[in-house]
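The data block below is start_33.txt; it holds compact mmCIF, C-alpha atoms.
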```txt
# COMPACT_ATOMS: atom_id res chain seq x y z
CA MET V 27 109.59 100.17 139.60
CA LYS V 28 108.43 97.20 137.53
CA ILE V 29 110.93 96.00 134.92
CA ILE V 30 110.54 93.48 132.13
CA ALA V 31 113.87 92.09 131.01
CA ALA V 32 115.47 89.58 128.66
CA SER V 33 118.83 88.75 127.10
CA ASP V 34 120.21 86.72 124.21
CA LEU V 35 117.27 87.14 121.85
CA HIS V 36 119.44 86.03 118.90
CA LEU V 37 116.81 86.93 116.29
CA ASN V 38 114.09 84.93 118.10
CA VAL V 39 110.81 86.38 116.82
CA ASP V 40 108.60 84.73 119.47
CA CYS V 41 110.63 86.19 122.34
CA ARG V 42 110.63 89.62 120.70
CA THR V 43 106.84 89.42 120.33
CA ALA V 44 106.43 88.42 123.98
CA LEU V 45 108.63 91.31 125.07
CA LEU V 46 106.61 93.81 123.07
CA GLN V 47 103.27 92.41 124.24
CA GLN V 48 104.27 92.57 127.90
CA ALA V 49 106.04 95.93 127.73
CA ALA V 50 102.81 97.82 128.48
CA GLN V 51 102.71 96.19 131.93
CA ALA V 52 106.19 97.46 132.87
CA ASP V 53 107.75 100.81 133.75
CA LEU V 54 110.95 99.89 131.90
CA VAL V 55 112.04 97.35 129.26
CA ILE V 56 115.60 96.01 129.46
CA VAL V 57 117.52 93.80 127.03
CA ALA V 58 120.99 92.69 128.14
CA GLY V 59 122.52 92.15 124.72
CA ASP V 60 122.77 89.67 121.85
CA PHE V 61 119.92 90.79 119.65
CA ALA V 62 121.77 89.63 116.51
CA GLN V 63 123.34 86.33 115.51
CA ARG V 64 127.02 86.43 114.59
CA ARG V 65 126.78 90.17 113.81
CA GLU V 66 123.99 89.57 111.27
CA GLY V 67 120.29 90.50 111.12
CA LEU V 68 120.42 93.28 113.71
CA ALA V 69 118.66 96.19 111.99
CA ASP V 70 115.66 94.21 110.74
CA TYR V 71 115.26 92.38 114.03
CA VAL V 72 115.51 95.46 116.25
CA ALA V 73 113.18 97.62 114.13
CA PRO V 74 109.92 96.52 115.87
CA LEU V 75 111.55 97.08 119.27
CA ASN V 76 111.97 100.76 118.42
CA ALA V 77 108.33 101.19 119.47
CA ILE V 78 109.61 100.92 123.05
CA GLY V 79 111.56 104.19 122.65
CA ASP V 80 112.68 105.87 125.87
CA LYS V 81 110.85 103.28 127.93
CA GLY V 82 113.69 100.89 127.14
CA LEU V 83 117.36 100.41 127.97
CA PHE V 84 119.59 98.16 125.86
CA VAL V 85 123.20 97.02 126.16
CA PRO V 86 125.16 95.37 123.34
CA GLY V 87 126.06 91.72 123.57
CA ASN V 88 129.00 90.11 121.84
CA ASN V 89 126.92 89.50 118.69
CA GLU V 90 126.63 93.24 117.96
CA THR V 91 128.77 96.24 118.85
CA ASP V 92 127.55 99.30 120.73
CA ALA V 93 127.94 101.37 117.54
CA GLU V 94 125.91 98.86 115.51
CA LEU V 95 123.17 98.76 118.13
CA ARG V 96 122.96 102.55 118.41
CA ALA V 97 122.69 102.81 114.63
CA ALA V 98 119.87 100.25 114.57
CA THR V 99 117.65 101.57 117.38
CA ASN V 100 116.20 104.72 118.94
CA VAL V 101 116.12 102.98 122.34
CA PRO V 102 118.87 104.31 124.66
CA VAL V 103 121.98 102.10 124.59
CA LEU V 104 124.27 101.88 127.62
CA HIS V 105 127.88 100.75 127.35
CA GLY V 106 130.14 102.19 130.01
CA ASP V 107 127.63 104.85 131.03
CA SER V 108 124.68 105.48 133.33
CA VAL V 109 121.21 106.95 133.19
CA VAL V 110 118.71 107.86 135.92
CA ARG V 111 115.07 106.88 135.52
CA SER V 112 112.53 107.86 138.21
CA GLY V 113 115.32 108.24 140.75
CA VAL V 114 116.88 104.84 139.94
CA THR V 115 120.44 104.79 138.55
CA PHE V 116 121.08 102.25 135.77
CA PHE V 117 124.59 101.40 134.55
CA GLY V 118 125.24 99.32 131.45
CA ILE V 119 128.20 97.38 130.10
CA GLY V 120 128.13 95.11 127.06
CA CYS V 121 130.48 92.60 125.38
CA ALA V 122 131.76 89.18 126.26
CA ILE V 123 133.96 89.59 129.34
CA PRO V 124 136.48 87.95 129.32
CA PRO V 125 136.99 87.54 125.55
CA LEU V 126 135.84 84.41 123.79
CA PRO V 127 138.30 82.37 121.74
CA PRO V 128 138.82 84.04 118.33
CA LEU V 129 135.74 83.65 116.14
CA PRO V 130 135.59 84.23 112.36
CA TRP V 131 132.65 86.64 112.64
CA GLY V 132 134.35 88.94 115.17
CA SER V 133 132.81 88.70 118.63
CA PHE V 134 132.50 92.05 120.47
CA ASP V 135 134.67 91.41 123.54
CA LEU V 136 136.36 93.23 126.42
CA THR V 137 139.40 92.06 128.33
CA GLU V 138 139.18 91.94 132.10
CA ASP V 139 141.60 94.89 132.31
CA ALA V 140 139.52 96.99 129.89
CA ALA V 141 136.35 96.16 131.82
CA GLU V 142 138.08 97.03 135.11
CA ALA V 143 139.05 100.43 133.72
CA MET V 144 135.51 101.09 132.45
CA LEU V 145 134.00 100.11 135.80
CA ALA V 146 136.49 102.01 137.97
CA LYS V 147 134.73 105.37 137.45
CA VAL V 148 131.35 104.04 138.67
CA THR V 149 130.62 104.77 142.32
CA LYS V 150 126.85 104.25 142.37
CA ALA V 151 124.36 102.07 140.53
CA ASP V 152 121.01 100.72 141.63
CA VAL V 153 120.66 98.38 138.65
CA VAL V 154 123.50 97.08 136.48
CA ILE V 155 122.71 95.75 133.01
CA SER V 156 125.61 93.63 131.78
CA HIS V 157 125.80 91.16 128.94
CA ALA V 158 128.38 89.05 130.80
CA PRO V 159 127.80 87.53 134.25
CA PRO V 160 130.10 87.90 137.25
CA LEU V 161 132.57 85.10 137.91
CA GLY V 162 131.07 82.25 139.89
CA HIS V 163 127.47 83.48 139.67
CA CYS V 164 124.95 82.47 136.99
CA ASP V 165 127.85 81.67 134.67
CA TYR V 166 128.37 77.89 134.60
CA HIS V 167 129.10 76.58 131.09
CA GLN V 168 128.33 72.88 130.96
CA GLY V 169 130.22 72.25 127.74
CA LEU V 170 133.40 73.68 129.22
CA GLY V 171 132.68 72.32 132.70
CA ARG V 172 133.58 75.62 134.34
CA ASN V 173 132.44 79.14 135.13
CA ARG V 174 132.72 81.70 132.31
CA GLY V 175 131.99 84.96 134.12
CA SER V 176 134.11 88.03 134.75
CA GLY V 177 136.26 88.69 137.79
CA ALA V 178 136.14 92.41 137.05
CA LEU V 179 132.34 92.34 137.21
CA LEU V 180 132.40 90.36 140.46
CA ARG V 181 134.73 92.88 142.11
CA PHE V 182 132.55 95.72 140.81
CA ILE V 183 129.44 94.21 142.40
CA GLU V 184 131.26 93.70 145.70
CA ARG V 185 132.35 97.35 145.66
CA VAL V 186 129.18 99.10 144.45
CA GLN V 187 126.49 96.69 145.73
CA PRO V 188 123.64 97.48 143.32
CA GLN V 189 120.15 96.19 144.06
CA LEU V 190 120.06 94.16 140.84
CA PHE V 191 122.68 92.83 138.43
CA LEU V 192 121.06 91.65 135.20
CA CYS V 193 123.04 89.60 132.68
CA GLY V 194 122.92 86.84 130.08
CA HIS V 195 125.61 85.53 127.70
CA VAL V 196 126.15 82.07 129.22
CA HIS V 197 123.23 80.17 127.71
CA ASP V 198 123.62 77.15 129.98
CA SER V 199 122.81 79.39 132.95
CA TRP V 200 119.68 81.10 131.60
CA GLY V 201 117.23 81.48 134.46
CA ALA V 202 119.91 81.11 137.15
CA ARG V 203 119.74 83.37 140.21
CA SER V 204 122.38 84.23 142.80
CA GLN V 205 123.19 86.74 145.54
CA ILE V 206 126.36 88.75 146.17
CA GLY V 207 125.97 90.68 149.42
CA ARG V 208 122.81 92.74 148.94
CA THR V 209 122.91 92.32 145.16
CA LYS V 210 120.48 89.96 143.42
CA VAL V 211 122.04 88.51 140.26
CA ALA V 212 119.87 87.18 137.42
CA ASN V 213 120.93 85.52 134.17
CA LEU V 214 117.89 86.49 132.15
CA GLY V 215 117.69 84.45 128.96
CA PRO V 216 115.39 85.20 126.02
CA VAL V 217 112.02 84.57 127.70
CA PRO V 218 110.99 87.94 129.24
CA VAL V 219 110.78 88.07 133.05
CA PHE V 220 109.35 90.67 135.39
CA LEU V 221 111.52 92.12 138.18
CA GLU V 222 111.00 94.80 140.83
CA VAL V 223 113.46 97.49 141.91
CA GLU V 224 113.00 99.91 144.77
CA ARG V 225 112.95 103.57 143.84
```

Kindly present the structure from the file in structure tokens form.
Amino acid sequence: MKIIAASDLHLNVDCRTALLQQAAQADLVIVAGDFAQRREGLADYVAPLNAIGDKGLFVPGNNETDAELRAATNVPVLHGDSVVRSGVTFFGIGCAIPPLPPLPWGSFDLTEDAAEAMLAKVTKADVVISHAPPLGHCDYHQGLGRNRGSGALLRFIERVQPQLFLCGHVHDSWGARSQIGRTKVANLGPVPVFLEVER
């Protein structure tokens, strides 16, 4: 299965155009959250992406909630749930995990405990689409001088061992790649990339 994927579009028109232009070459189009900017501009920005329809899978970032994203698009939105496409199981989880410091515009966040509870029910996933990265992998924040990923997501990967774990969120690590057991981890960034997953 050929996937085209991106994250953290943040209202970037050029990256949206590239995603739409290249979508025809892929079996599935994935965006791992942060379409909007500070909870603004979502509906207008996402509208052209609705042409993707059921060929896409989106998760919310921390700049839009799952409810806001579902209201803005006809593309399936995953947040704490799974879907099977051509025999491949995809699981999605959005939000900043762990929470960011309080922001005036209201970041969409999950605590580590809440994420752990959401992930506990999942026993199988071939591809995980997460806005946040796992702790210690594709998550280094240069400004803070430390890793900003989620321990709950790391433990989930170690337990479930998906083929691919796709994320974004930490802008300093866009394009970073890592491996956890059999799982390939990719911090996507806004420039669309092609990936392969075995059916």

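Ranking V:Ala73, V:Leu37, V:Ala31, V:Ala52 by their shortest atom-to-atom distance to Asn100 (chain V), with all atoms listed in the file included, puts V:Ala73 first.
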
Closest of V:Leu179, V:Ala98, V:Val57, V:Val110 to Ala122 (chain V) - atom-to-atom distances counting only C-alpha atoms: V:Leu179

Within 9 Å of region 49-51 of chain V using all atoms listed in the file, minus same-chain residues under 6 positions, as number ranges by chain: V: 28-30, 78, 81

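Shortest separation to Gly215 (chain V) among V:Gly67, V:Gly79, V:Gly118, V:Gly59 occurs at residue V:Gly59, atoms counted being all atoms listed in the file.
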
If you count all atoms listed in the file, the residue of V:Lys210, V:Arg174, V:His197, V:Arg225 closest to Pro125 (chain V) turns out to be V:Arg174

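Between CA of Arg64 (chain V) and CA of Asn89 (chain V) the separation is 5.1 Å.
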
Of the candidates V:Val217, V:Leu104, V:Val109, V:Ile56, which one gets nearest to Asn38 (chain V) if we count only C-alpha atoms? V:Val217

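Each of V:Asp34, V:Asp40, V:Glu66, V:Asp60 was compared to Leu214 (chain V) using only C-alpha atoms, and V:Asp34 turns out to be the nearest.
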
Mind listing as a PyMOL selection string all residues within 12 Å of (121.9, 101.4, 141.6), counting all atoms listed in the file? chain V and resi 108-118+148-155+183+185-192+208-210+223-225

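Between CA of Ser176 (chain V) and CA of Leu75 (chain V) there is a distance of 28.8 Å.
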
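The gap separating CA of Arg42 (chain V) from CA of Tyr71 (chain V) is 8.6 Å, in Å to one decimal.
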